[in-house]
$ cat model.cif   # mmCIF, C-alpha atoms
data_protein
loop_
_atom_site.group_PDB
_atom_site.id
_atom_site.type_symbol
_atom_site.label_atom_id
_atom_site.label_comp_id
_atom_site.auth_asym_id
_atom_site.auth_seq_id
_atom_site.Cartn_x
_atom_site.Cartn_y
_atom_site.Cartn_z
ATOM 1 C CA MET L 1 1.848 9.613 -0.117
ATOM 2 C CA LEU L 2 -1.140 9.230 -2.454
ATOM 3 C CA PHE L 3 -1.251 6.849 -5.395
ATOM 4 C CA ALA L 4 -3.717 6.903 -8.265
ATOM 5 C CA LYS L 5 -2.425 3.820 -10.125
ATOM 6 C CA GLY L 6 -3.458 0.248 -9.513
ATOM 7 C CA PRO L 7 -1.133 -2.424 -8.125
ATOM 8 C CA ALA L 8 1.602 -4.045 -10.216
ATOM 9 C CA VAL L 9 1.350 -7.718 -11.157
ATOM 10 C CA ARG L 10 4.290 -9.797 -9.904
ATOM 11 C CA THR L 11 5.554 -13.085 -11.282
ATOM 12 C CA ASP L 12 5.792 -16.208 -9.159
ATOM 13 C CA ALA L 13 9.578 -15.800 -9.089
ATOM 14 C CA GLU L 14 9.302 -12.223 -7.850
ATOM 15 C CA ILE L 15 6.820 -13.230 -5.160
ATOM 16 C CA ALA L 16 9.228 -15.977 -4.083
ATOM 17 C CA VAL L 17 11.932 -13.372 -3.429
ATOM 18 C CA MET L 18 9.428 -11.201 -1.568
ATOM 19 C CA ARG L 19 8.642 -14.256 0.550
ATOM 20 C CA ARG L 20 12.327 -14.372 1.512
ATOM 21 C CA ALA L 21 12.176 -10.707 2.540
ATOM 22 C CA GLY L 22 8.983 -11.477 4.443
ATOM 23 C CA ALA L 23 10.703 -14.317 6.296
ATOM 24 C CA VAL L 24 13.317 -11.869 7.563
ATOM 25 C CA VAL L 25 10.548 -9.542 8.773
ATOM 26 C CA ALA L 26 8.811 -12.481 10.460
ATOM 27 C CA GLU L 27 12.022 -13.346 12.328
ATOM 28 C CA MET L 28 12.438 -9.712 13.387
ATOM 29 C CA HIS L 29 8.911 -9.853 14.794
ATOM 30 C CA GLU L 30 9.544 -13.127 16.576
ATOM 31 C CA ARG L 31 12.792 -12.030 18.222
ATOM 32 C CA ILE L 32 11.464 -8.603 19.200
ATOM 33 C CA ARG L 33 8.216 -10.029 20.565
ATOM 34 C CA GLU L 34 10.225 -12.411 22.766
ATOM 35 C CA ALA L 35 12.128 -9.439 24.225
ATOM 36 C CA ILE L 36 9.116 -7.243 25.062
ATOM 37 C CA ARG L 37 8.758 -7.013 28.844
ATOM 38 C CA PRO L 38 8.622 -4.330 31.546
ATOM 39 C CA GLY L 39 11.928 -2.464 31.786
ATOM 40 C CA VAL L 40 13.091 -2.982 28.207
ATOM 41 C CA THR L 41 13.747 0.096 26.077
ATOM 42 C CA THR L 42 12.527 0.583 22.547
ATOM 43 C CA GLY L 43 16.153 1.238 21.610
ATOM 44 C CA ALA L 44 17.033 -2.282 22.745
ATOM 45 C CA LEU L 45 14.259 -3.659 20.530
ATOM 46 C CA ASP L 46 15.684 -1.767 17.567
ATOM 47 C CA ARG L 47 19.086 -3.363 18.159
ATOM 48 C CA ILE L 48 17.467 -6.805 18.003
ATOM 49 C CA GLY L 49 15.988 -5.888 14.638
ATOM 50 C CA ARG L 50 19.398 -4.739 13.387
ATOM 51 C CA GLU L 51 20.977 -8.011 14.496
ATOM 52 C CA VAL L 52 18.436 -10.090 12.575
ATOM 53 C CA LEU L 53 18.912 -8.020 9.418
ATOM 54 C CA ALA L 54 22.695 -8.343 9.611
ATOM 55 C CA ARG L 55 22.630 -12.080 10.273
ATOM 56 C CA ARG L 56 20.191 -12.720 7.421
ATOM 57 C CA GLY L 57 22.124 -10.544 4.947
ATOM 58 C CA ALA L 58 19.139 -8.233 4.463
ATOM 59 C CA THR L 59 18.922 -4.454 4.583
ATOM 60 C CA SER L 60 16.392 -2.150 6.221
ATOM 61 C CA ASN L 61 13.781 -0.256 4.232
ATOM 62 C CA PHE L 62 13.075 1.935 7.278
ATOM 63 C CA LEU L 63 16.562 3.208 8.122
ATOM 64 C CA GLY L 64 17.173 6.498 6.317
ATOM 65 C CA TYR L 65 13.695 6.544 4.771
ATOM 66 C CA SER L 66 12.210 9.889 3.677
ATOM 67 C CA ASN L 67 13.051 13.389 4.967
ATOM 68 C CA PRO L 68 13.909 13.796 7.765
ATOM 69 C CA PRO L 69 15.586 10.385 7.430
ATOM 70 C CA PHE L 70 14.129 7.800 9.793
ATOM 71 C CA PRO L 71 16.937 6.877 12.231
ATOM 72 C CA ALA L 72 16.087 3.248 13.054
ATOM 73 C CA VAL L 73 15.170 -0.131 11.540
ATOM 74 C CA ILE L 74 11.897 -0.434 13.476
ATOM 75 C CA CYS L 75 9.084 1.891 14.449
ATOM 76 C CA ALA L 76 8.195 1.420 18.119
ATOM 77 C CA SER L 77 4.954 3.132 19.128
ATOM 78 C CA PRO L 78 3.707 2.711 22.715
ATOM 79 C CA ASN L 79 0.175 3.270 24.019
ATOM 80 C CA SER L 80 -1.376 6.370 22.405
ATOM 81 C CA MET L 81 1.284 6.532 19.685
ATOM 82 C CA VAL L 82 -0.349 5.113 16.568
ATOM 83 C CA VAL L 83 2.601 4.762 14.182
ATOM 84 C CA HIS L 84 6.155 5.832 13.353
ATOM 85 C CA GLY L 85 7.552 6.036 16.881
ATOM 86 C CA ILE L 86 11.332 6.491 16.949
ATOM 87 C CA PRO L 87 12.994 3.891 19.222
ATOM 88 C CA THR L 88 15.477 5.180 21.801
ATOM 89 C CA ASP L 89 17.008 4.060 25.077
ATOM 90 C CA GLU L 90 15.060 6.850 26.789
ATOM 91 C CA VAL L 91 11.726 5.159 26.089
ATOM 92 C CA VAL L 92 11.246 2.436 28.717
ATOM 93 C CA LEU L 93 8.271 0.066 28.517
ATOM 94 C CA HIS L 94 6.316 -0.448 31.747
ATOM 95 C CA ASP L 95 3.944 -3.110 33.016
ATOM 96 C CA GLY L 96 0.494 -2.485 31.541
ATOM 97 C CA ASP L 97 1.766 -0.724 28.417
ATOM 98 C CA ILE L 98 1.337 -1.851 24.851
ATOM 99 C CA VAL L 99 3.755 -1.249 21.983
ATOM 100 C CA SER L 100 3.333 -1.450 18.221
ATOM 101 C CA ILE L 101 6.365 -2.662 16.273
ATOM 102 C CA ASP L 102 6.567 -1.973 12.542
ATOM 103 C CA CYS L 103 9.567 -3.092 10.499
ATOM 104 C CA GLY L 104 10.665 -4.235 7.084
ATOM 105 C CA ALA L 105 13.475 -5.834 5.106
ATOM 106 C CA ILE L 106 14.923 -5.812 1.605
ATOM 107 C CA VAL L 107 16.283 -8.989 -0.003
ATOM 108 C CA ASP L 108 17.744 -8.807 -3.526
ATOM 109 C CA GLY L 109 15.914 -5.522 -4.095
ATOM 110 C CA TRP L 110 12.461 -6.767 -3.008
ATOM 111 C CA HIS L 111 10.629 -5.552 0.089
ATOM 112 C CA GLY L 112 8.681 -6.977 3.008
ATOM 113 C CA ASP L 113 6.780 -4.929 5.615
ATOM 114 C CA ALA L 114 4.708 -5.932 8.646
ATOM 115 C CA ALA L 115 3.637 -4.741 12.107
ATOM 116 C CA PHE L 116 2.196 -6.115 15.342
ATOM 117 C CA THR L 117 0.987 -4.711 18.651
ATOM 118 C CA ALA L 118 2.002 -6.523 21.844
ATOM 119 C CA PRO L 119 1.121 -6.207 25.531
ATOM 120 C CA VAL L 120 3.840 -5.393 28.054
ATOM 121 C CA GLY L 121 3.303 -7.458 31.189
ATOM 122 C CA THR L 122 -0.273 -7.461 32.495
ATOM 123 C CA VAL L 123 -2.562 -5.316 30.348
ATOM 124 C CA ALA L 124 -6.172 -4.192 30.885
ATOM 125 C CA PRO L 125 -8.776 -6.519 29.317
ATOM 126 C CA GLU L 126 -10.245 -3.806 27.093
ATOM 127 C CA VAL L 127 -6.785 -3.107 25.674
ATOM 128 C CA LEU L 128 -6.195 -6.787 24.951
ATOM 129 C CA ALA L 129 -9.606 -6.867 23.263
ATOM 130 C CA MET L 130 -8.554 -3.935 21.070
ATOM 131 C CA ILE L 131 -5.411 -5.772 19.945
ATOM 132 C CA ASP L 132 -7.463 -8.888 19.234
ATOM 133 C CA ALA L 133 -9.972 -6.896 17.179
ATOM 134 C CA ALA L 134 -7.165 -5.254 15.194
ATOM 135 C CA GLU L 135 -5.759 -8.688 14.360
ATOM 136 C CA ARG L 136 -9.204 -10.005 13.417
ATOM 137 C CA SER L 137 -9.763 -7.013 11.155
ATOM 138 C CA LEU L 138 -6.516 -7.808 9.355
ATOM 139 C CA ASP L 139 -7.498 -11.468 9.035
ATOM 140 C CA ALA L 140 -10.851 -10.433 7.544
ATOM 141 C CA ALA L 141 -9.093 -8.175 5.046
ATOM 142 C CA ILE L 142 -6.742 -10.989 4.029
ATOM 143 C CA GLU L 143 -9.683 -13.330 3.420
ATOM 144 C CA ALA L 144 -11.149 -10.732 1.046
ATOM 145 C CA MET L 145 -7.966 -10.577 -1.060
ATOM 146 C CA VAL L 146 -8.818 -12.881 -3.947
ATOM 147 C CA PRO L 147 -8.650 -12.314 -7.708
ATOM 148 C CA GLY L 148 -11.664 -10.330 -8.855
ATOM 149 C CA ALA L 149 -12.279 -8.668 -5.512
ATOM 150 C CA ARG L 150 -12.117 -4.885 -5.253
ATOM 151 C CA LEU L 151 -9.843 -2.629 -3.246
ATOM 152 C CA GLY L 152 -12.865 -1.380 -1.312
ATOM 153 C CA ASP L 153 -13.505 -4.924 -0.077
ATOM 154 C CA ILE L 154 -10.289 -4.731 1.959
ATOM 155 C CA GLY L 155 -11.172 -1.467 3.675
ATOM 156 C CA HIS L 156 -14.741 -2.633 4.229
ATOM 157 C CA ALA L 157 -13.507 -5.804 5.942
ATOM 158 C CA VAL L 158 -11.205 -3.869 8.280
ATOM 159 C CA GLU L 159 -13.807 -1.254 9.162
ATOM 160 C CA SER L 160 -16.602 -3.777 9.699
ATOM 161 C CA VAL L 161 -14.646 -5.799 12.266
ATOM 162 C CA ALA L 162 -13.257 -2.730 14.034
ATOM 163 C CA THR L 163 -16.556 -0.901 14.375
ATOM 164 C CA ALA L 164 -18.347 -4.079 15.494
ATOM 165 C CA ALA L 165 -15.810 -4.212 18.338
ATOM 166 C CA GLY L 166 -16.585 -0.600 19.306
ATOM 167 C CA LEU L 167 -13.313 0.774 17.945
ATOM 168 C CA SER L 168 -12.516 3.747 15.754
ATOM 169 C CA VAL L 169 -10.444 3.462 12.574
ATOM 170 C CA VAL L 170 -7.679 6.035 12.082
ATOM 171 C CA GLU L 171 -8.303 8.043 8.912
ATOM 172 C CA GLY L 172 -5.626 9.368 6.590
ATOM 173 C CA PHE L 173 -3.209 6.466 7.041
ATOM 174 C CA THR L 174 -3.358 3.514 4.683
ATOM 175 C CA GLY L 175 -1.669 0.359 3.560
ATOM 176 C CA HIS L 176 0.059 0.264 0.195
ATOM 177 C CA GLY L 177 1.344 -1.724 -2.702
ATOM 178 C CA ILE L 178 4.821 -3.148 -2.179
ATOM 179 C CA GLY L 179 7.528 -4.644 -4.368
ATOM 180 C CA ARG L 180 10.718 -3.010 -5.611
ATOM 181 C CA ALA L 181 9.875 -0.108 -3.299
ATOM 182 C CA MET L 182 8.328 -0.245 0.143
ATOM 183 C CA HIS L 183 5.500 2.092 -0.850
ATOM 184 C CA GLU L 184 3.980 1.539 -4.273
ATOM 185 C CA PRO L 185 0.506 2.091 -5.745
ATOM 186 C CA PRO L 186 -2.226 1.792 -4.681
ATOM 187 C CA ASN L 187 -3.127 3.193 -1.270
ATOM 188 C CA VAL L 188 -5.037 0.527 0.659
ATOM 189 C CA PRO L 189 -7.568 2.280 2.938
ATOM 190 C CA ASN L 190 -8.839 0.766 6.174
ATOM 191 C CA GLN L 191 -12.326 2.003 5.352
ATOM 192 C CA GLY L 192 -14.503 1.713 2.275
ATOM 193 C CA ALA L 193 -17.511 0.303 0.522
ATOM 194 C CA ALA L 194 -17.507 -3.297 -0.614
ATOM 195 C CA GLY L 195 -17.451 -3.777 -4.379
ATOM 196 C CA THR L 196 -15.775 -0.440 -5.116
ATOM 197 C CA GLY L 197 -12.313 0.538 -6.291
ATOM 198 C CA VAL L 198 -9.628 -1.124 -8.363
ATOM 199 C CA LYS L 199 -10.155 -4.800 -9.218
ATOM 200 C CA LEU L 200 -7.533 -7.086 -7.672
ATOM 201 C CA ARG L 201 -5.626 -9.604 -9.790
ATOM 202 C CA ALA L 202 -3.417 -12.601 -9.159
ATOM 203 C CA GLY L 203 0.129 -11.328 -8.726
ATOM 204 C CA ASN L 204 -0.824 -8.161 -6.838
ATOM 205 C CA VAL L 205 1.092 -7.764 -3.575
ATOM 206 C CA LEU L 206 -0.249 -5.388 -0.928
ATOM 207 C CA ALA L 207 0.697 -4.375 2.597
ATOM 208 C CA VAL L 208 -2.522 -4.080 4.598
ATOM 209 C CA GLU L 209 -2.266 -2.282 7.943
ATOM 210 C CA PRO L 210 -5.285 -1.593 10.148
ATOM 211 C CA MET L 211 -4.882 1.139 12.777
ATOM 212 C CA VAL L 212 -7.610 1.225 15.413
ATOM 213 C CA VAL L 213 -8.245 3.298 18.532
ATOM 214 C CA LEU L 214 -10.173 2.721 21.748
ATOM 215 C CA GLY L 215 -11.698 6.194 21.491
ATOM 216 C CA ASP L 216 -11.342 9.298 19.316
ATOM 217 C CA PRO L 217 -9.390 8.528 16.101
ATOM 218 C CA GLU L 218 -8.114 12.080 15.533
ATOM 219 C CA VAL L 219 -4.301 12.132 15.393
ATOM 220 C CA GLU L 220 -1.484 14.657 15.445
ATOM 221 C CA LEU L 221 2.177 14.675 14.439
ATOM 222 C CA LEU L 222 4.822 15.276 17.111
ATOM 223 C CA ASP L 223 7.741 17.677 16.764
ATOM 224 C CA ASP L 224 10.102 14.902 15.623
ATOM 225 C CA ASP L 225 8.155 14.939 12.311
ATOM 226 C CA TRP L 226 7.599 11.184 12.569
ATOM 227 C CA SER L 227 5.647 10.077 15.634
ATOM 228 C CA VAL L 228 1.854 10.096 15.198
ATOM 229 C CA VAL L 229 -0.240 10.079 18.386
ATOM 230 C CA THR L 230 -3.947 10.256 19.140
ATOM 231 C CA ALA L 231 -4.983 13.815 19.987
ATOM 232 C CA SER L 232 -7.088 12.556 22.914
ATOM 233 C CA GLY L 233 -4.442 10.259 24.407
ATOM 234 C CA ASP L 234 -6.615 7.207 23.691
ATOM 235 C CA TRP L 235 -4.606 4.041 23.077
ATOM 236 C CA ALA L 236 -4.199 2.536 19.618
ATOM 237 C CA ALA L 237 -3.196 -0.717 17.943
ATOM 238 C CA HIS L 238 -1.473 -1.208 14.580
ATOM 239 C CA VAL L 239 -1.073 -4.521 12.732
ATOM 240 C CA GLU L 240 0.158 -5.274 9.211
ATOM 241 C CA HIS L 241 1.139 -8.040 6.812
ATOM 242 C CA THR L 242 2.433 -8.204 3.246
ATOM 243 C CA ILE L 243 0.027 -10.358 1.220
ATOM 244 C CA ALA L 244 0.254 -11.784 -2.298
ATOM 245 C CA ILE L 245 -2.996 -12.353 -4.175
ATOM 246 C CA THR L 246 -2.824 -15.673 -6.044
ATOM 247 C CA ALA L 247 -5.125 -17.962 -7.972
ATOM 248 C CA ASP L 248 -4.993 -20.281 -4.950
ATOM 249 C CA GLY L 249 -5.996 -17.529 -2.519
ATOM 250 C CA PRO L 250 -4.129 -14.953 -0.434
ATOM 251 C CA GLN L 251 -0.607 -15.818 0.697
ATOM 252 C CA VAL L 252 0.793 -13.937 3.699
ATOM 253 C CA LEU L 253 4.479 -13.373 2.948
ATOM 254 C CA THR L 254 5.409 -12.009 6.387
ATOM 255 C CA ARG L 255 4.226 -14.886 8.563
ATOM 256 C CA PRO L 256 6.801 -17.418 9.835
#
$ encode --input "model.cif" --output "structure tokens"
Amino acid sequence: MLFAKGPAVRTDAEIAVMRRAGAVVAEMHERIREAIRPGVTTGALDRIGREVLARRGATSNFLGYSNPPFPAVICASPNSMVVHGIPTDEVVLHDGDIVSIDCGAIVDGWHGDAAFTAPVGTVAPEVLAMIDAAERSLDAAIEAMVPGARLGDIGHAVESVATAAGLSVVEGFTGHGIGRAMHEPPNVPNQGAAGTGVKLRAGNVLAVEPMVVLGDPEVELLDDDWSVVTASGDWAAHVEHTIAITADGPQVLTRP
């Protein structure tokens, strides 16, 4: 999905509701992260996400999304799967794996969206370093999200941290604006030149989601029309937060 428009400007009241949606996403992350261990299935992790949504009175912005309709409330993408993995009880996590969890929530018509990558048991040091670099690239992007900055500053921050860590950035997949819909203008690339692109304003809310790979960043789509994997089999990490740009600096709406 490609957007040409700039991001909408949200009121403080609208951002407050998005913060409530973000709090539901943060709890989904917390509960799912606690359950990740060798032997658990990605289907079991999806059921945890469903339980949190039901208990909090929120709805999923993933379930039924697009065509073919996505069949779950989380994306669970292990190892070389970059994004959009469909959770099932046939996918068992093993010691040494990693898994990326992406999920969202809707509260009173407003959306939250975030992702993390977690180790399963004991994981190779270079894989842990990749996850750490992905998280640092997201932190750098968040720091750049101030009024008057440019959209290119976000992508530049992500790419600079990732490449300094010896990682490749997946091309063709971006973050996005978010609000009344999960995906709104603009696309938020994970690459770019500082000082270029749309100027950011207080009230903009963006979902920023770095996707990095230990090796070749080329990807391919599996036959389920959802799961995206690296063509080489190299492992990948995916992290994301929903961030509001304010006069007081960036506010992460999907952190606890």
$ closest_residue --input "model.cif" --among "L:Glu218, L:Gly155, L:Asp225, L:Asp234" --to "Pro69 of chain L" --atoms "only C-alpha atoms"
L:Asp225
$ residues_around --input "model.cif" --residues "Met145 of chain L" --least-positions-apart "6" --cutoff "9 Å" --atoms "all atoms listed in the file" --output "VMD selection string"
chain L and resid 151 153 to 154 200 243 to 246 249 to 250
$ write_last_selection --input "model.cif" --atoms "C-alpha atoms" --output "short mmCIF file (atom, residue, chain, number, x, y, z; two decimals), in the coordinates of the input"
data_model
loop_
_atom_site.label_atom_id
_atom_site.label_comp_id
_atom_site.auth_asym_id
_atom_site.auth_seq_id
_atom_site.Cartn_x
_atom_site.Cartn_y
_atom_site.Cartn_z
CA LEU L 151 -9.84 -2.63 -3.25
CA ASP L 153 -13.50 -4.92 -0.08
CA ILE L 154 -10.29 -4.73 1.96
CA LEU L 200 -7.53 -7.09 -7.67
CA ILE L 243 0.03 -10.36 1.22
CA ALA L 244 0.25 -11.78 -2.30
CA ILE L 245 -3.00 -12.35 -4.18
CA THR L 246 -2.82 -15.67 -6.04
CA GLY L 249 -6.00 -17.53 -2.52
CA PRO L 250 -4.13 -14.95 -0.43
#
$ residues_near_point --input "model.cif" --point "(0.4, 7.9, 21.1)" --cutoff "7 Å" --atoms "all atoms listed in the file" --output "count of residues only"
11
$ closest_residue --input "model.cif" --among "L:Arg47, L:Arg19, L:Arg55, L:His84" --to "Ser227 of chain L" --atoms "only C-alpha atoms"
L:His84
$ closest_atom_pairs --input "model.cif" --of "segment 132-193 of chain L" --to "segment 95-116 of chain L" --cutoff "10 Å" --atoms "only C-alpha atoms" --output "tab-separated table"
residue	atom	partner	partner_atom	distance
L:Ala134	CA	L:Phe116	CA	9.4
L:Glu135	CA	L:Phe116	CA	8.4
L:Ile178	CA	L:His111	CA	6.7
L:Gly179	CA	L:His111	CA	5.5
L:Arg180	CA	L:Trp110	CA	4.9
L:Ala181	CA	L:His111	CA	6.5
L:Met182	CA	L:His111	CA	5.8
L:His183	CA	L:His111	CA	9.3
$ closest_residue --input "model.cif" --among "L:Leu214, L:Val120, L:Val252, L:Val161" --to "Gln191 of chain L" --atoms "only C-alpha atoms"
L:Val161
$ closest_residue --input "model.cif" --among "L:Asp223, L:Glu184, L:Glu143, L:Asp89" --to "Asp46 of chain L" --atoms "only C-alpha atoms"
L:Asp89
$ resolve_selection --input "model.cif" --expression "the PyMOL selection byres ((chain L and resi 160) around 10)" --output "ChimeraX atom specification"
/L:137,140-141,155-159,161-165,167,169,190-192
$ atom_distance --input "model.cif" --atom1 "atom CA of Ile74 of chain L" --atom2 "atom CA of Thr59 of chain L"
12.0 Å
$ closest_residue --input "model.cif" --among "L:Gly39, L:Ala237, L:Ala202, L:Gly215" --to "Asp132 of chain L" --atoms "all atoms listed in the file"
L:Ala237
$ atom_distance --input "model.cif" --atom1 "atom CA of Leu253 of chain L" --atom2 "atom CA of Ser168 of chain L"
27.3 Å
$ resolve_selection --input "model.cif" --expression "the PyMOL selection byres ((chain L and resi 148) around 8)" --output "list in words"
Val146, Pro147, Ala149, Arg150, Lys199, Leu200 and Arg201 of chain L
$ residues_near_point --input "model.cif" --point "(-14.6, -3.7, 24.1)" --cutoff "7 Å" --atoms "only C-alpha atoms" --output "PyMOL selection string"
chain L and resi 126+129-130+165-166
$ write_last_selection --input "model.cif" --atoms "C-alpha atoms" --output "short mmCIF file (atom, residue, chain, number, x, y, z; two decimals), in the frame of the given file"
data_model
loop_
_atom_site.label_atom_id
_atom_site.label_comp_id
_atom_site.auth_asym_id
_atom_site.auth_seq_id
_atom_site.Cartn_x
_atom_site.Cartn_y
_atom_site.Cartn_z
CA GLU L 126 -10.24 -3.81 27.09
CA ALA L 129 -9.61 -6.87 23.26
CA MET L 130 -8.55 -3.94 21.07
CA ALA L 165 -15.81 -4.21 18.34
CA GLY L 166 -16.58 -0.60 19.31
#
$ atom_distance --input "model.cif" --atom1 "atom CA of Val127 of chain L" --atom2 "atom CA of Ala231 of chain L"
17.9 Å
$ closest_residue --input "model.cif" --among "L:Val212, L:Val198, L:Ile36, L:Leu221" --to "Ala236 of chain L" --atoms "only C-alpha atoms"
L:Val212
$ resolve_selection --input "model.cif" --expression "the PyMOL selection byres ((chain L and resi 87) around 8)" --output "ChimeraX atom specification"
/L:41-43,45-46,72,74-76,85-86,88-89,91
$ decode --input "model.cif" --residues "segment 11-28 of chain L" --atoms "N, CA and C atoms" --output "PDB file, in the first residue's frame"
ATOM      1  N   THR L  11      -5.740  15.633  17.467  1.00  0.00           N
ATOM      2  CA  THR L  11      -5.893  16.447  18.664  1.00  0.00           C
ATOM      3  C   THR L  11      -5.357  15.695  19.875  1.00  0.00           C
ATOM      4  N   ASP L  12      -5.171  16.418  20.969  1.00  0.00           N
ATOM      5  CA  ASP L  12      -4.729  15.774  22.201  1.00  0.00           C
ATOM      6  C   ASP L  12      -5.731  14.721  22.652  1.00  0.00           C
ATOM      7  N   ALA L  13      -7.020  14.998  22.493  1.00  0.00           N
ATOM      8  CA  ALA L  13      -8.045  14.036  22.899  1.00  0.00           C
ATOM      9  C   ALA L  13      -7.977  12.773  22.054  1.00  0.00           C
ATOM     10  N   GLU L  14      -7.740  12.930  20.765  1.00  0.00           N
ATOM     11  CA  GLU L  14      -7.632  11.753  19.895  1.00  0.00           C
ATOM     12  C   GLU L  14      -6.390  10.934  20.242  1.00  0.00           C
ATOM     13  N   ILE L  15      -5.294  11.608  20.513  1.00  0.00           N
ATOM     14  CA  ILE L  15      -4.072  10.897  20.896  1.00  0.00           C
ATOM     15  C   ILE L  15      -4.280  10.164  22.211  1.00  0.00           C
ATOM     16  N   ALA L  16      -5.069  10.741  23.111  1.00  0.00           N
ATOM     17  CA  ALA L  16      -5.340  10.078  24.391  1.00  0.00           C
ATOM     18  C   ALA L  16      -6.073   8.758  24.179  1.00  0.00           C
ATOM     19  N   VAL L  17      -7.001   8.711  23.228  1.00  0.00           N
ATOM     20  CA  VAL L  17      -7.690   7.452  22.941  1.00  0.00           C
ATOM     21  C   VAL L  17      -6.727   6.466  22.284  1.00  0.00           C
ATOM     22  N   MET L  18      -5.867   6.958  21.402  1.00  0.00           N
ATOM     23  CA  MET L  18      -4.875   6.084  20.784  1.00  0.00           C
ATOM     24  C   MET L  18      -3.918   5.522  21.834  1.00  0.00           C
ATOM     25  N   ARG L  19      -3.663   6.310  22.883  1.00  0.00           N
ATOM     26  CA  ARG L  19      -2.828   5.802  23.972  1.00  0.00           C
ATOM     27  C   ARG L  19      -3.517   4.622  24.668  1.00  0.00           C
ATOM     28  N   ARG L  20      -4.835   4.682  24.793  1.00  0.00           N
ATOM     29  CA  ARG L  20      -5.570   3.562  25.378  1.00  0.00           C
ATOM     30  C   ARG L  20      -5.456   2.321  24.498  1.00  0.00           C
ATOM     31  N   ALA L  21      -5.573   2.507  23.177  1.00  0.00           N
ATOM     32  CA  ALA L  21      -5.377   1.370  22.267  1.00  0.00           C
ATOM     33  C   ALA L  21      -3.954   0.848  22.379  1.00  0.00           C
ATOM     34  N   GLY L  22      -2.994   1.768  22.484  1.00  0.00           N
ATOM     35  CA  GLY L  22      -1.598   1.366  22.628  1.00  0.00           C
ATOM     36  C   GLY L  22      -1.348   0.591  23.901  1.00  0.00           C
ATOM     37  N   ALA L  23      -2.058   0.934  24.978  1.00  0.00           N
ATOM     38  CA  ALA L  23      -1.887   0.212  26.240  1.00  0.00           C
ATOM     39  C   ALA L  23      -2.358  -1.229  26.110  1.00  0.00           C
ATOM     40  N   VAL L  24      -3.396  -1.454  25.327  1.00  0.00           N
ATOM     41  CA  VAL L  24      -3.850  -2.827  25.083  1.00  0.00           C
ATOM     42  C   VAL L  24      -2.775  -3.597  24.314  1.00  0.00           C
ATOM     43  N   VAL L  25      -2.204  -2.956  23.290  1.00  0.00           N
ATOM     44  CA  VAL L  25      -1.131  -3.605  22.524  1.00  0.00           C
ATOM     45  C   VAL L  25       0.060  -3.914  23.433  1.00  0.00           C
ATOM     46  N   ALA L  26       0.408  -2.973  24.303  1.00  0.00           N
ATOM     47  CA  ALA L  26       1.528  -3.190  25.218  1.00  0.00           C
ATOM     48  C   ALA L  26       1.269  -4.390  26.126  1.00  0.00           C
ATOM     49  N   GLU L  27       0.027  -4.546  26.598  1.00  0.00           N
ATOM     50  CA  GLU L  27      -0.284  -5.709  27.438  1.00  0.00           C
ATOM     51  C   GLU L  27      -0.229  -6.996  26.625  1.00  0.00           C
ATOM     52  N   MET L  28      -0.702  -6.968  25.383  1.00  0.00           N
ATOM     53  CA  MET L  28      -0.566  -8.142  24.522  1.00  0.00           C
ATOM     54  C   MET L  28       0.900  -8.540  24.405  1.00  0.00           C
TER      55      MET L  28
END
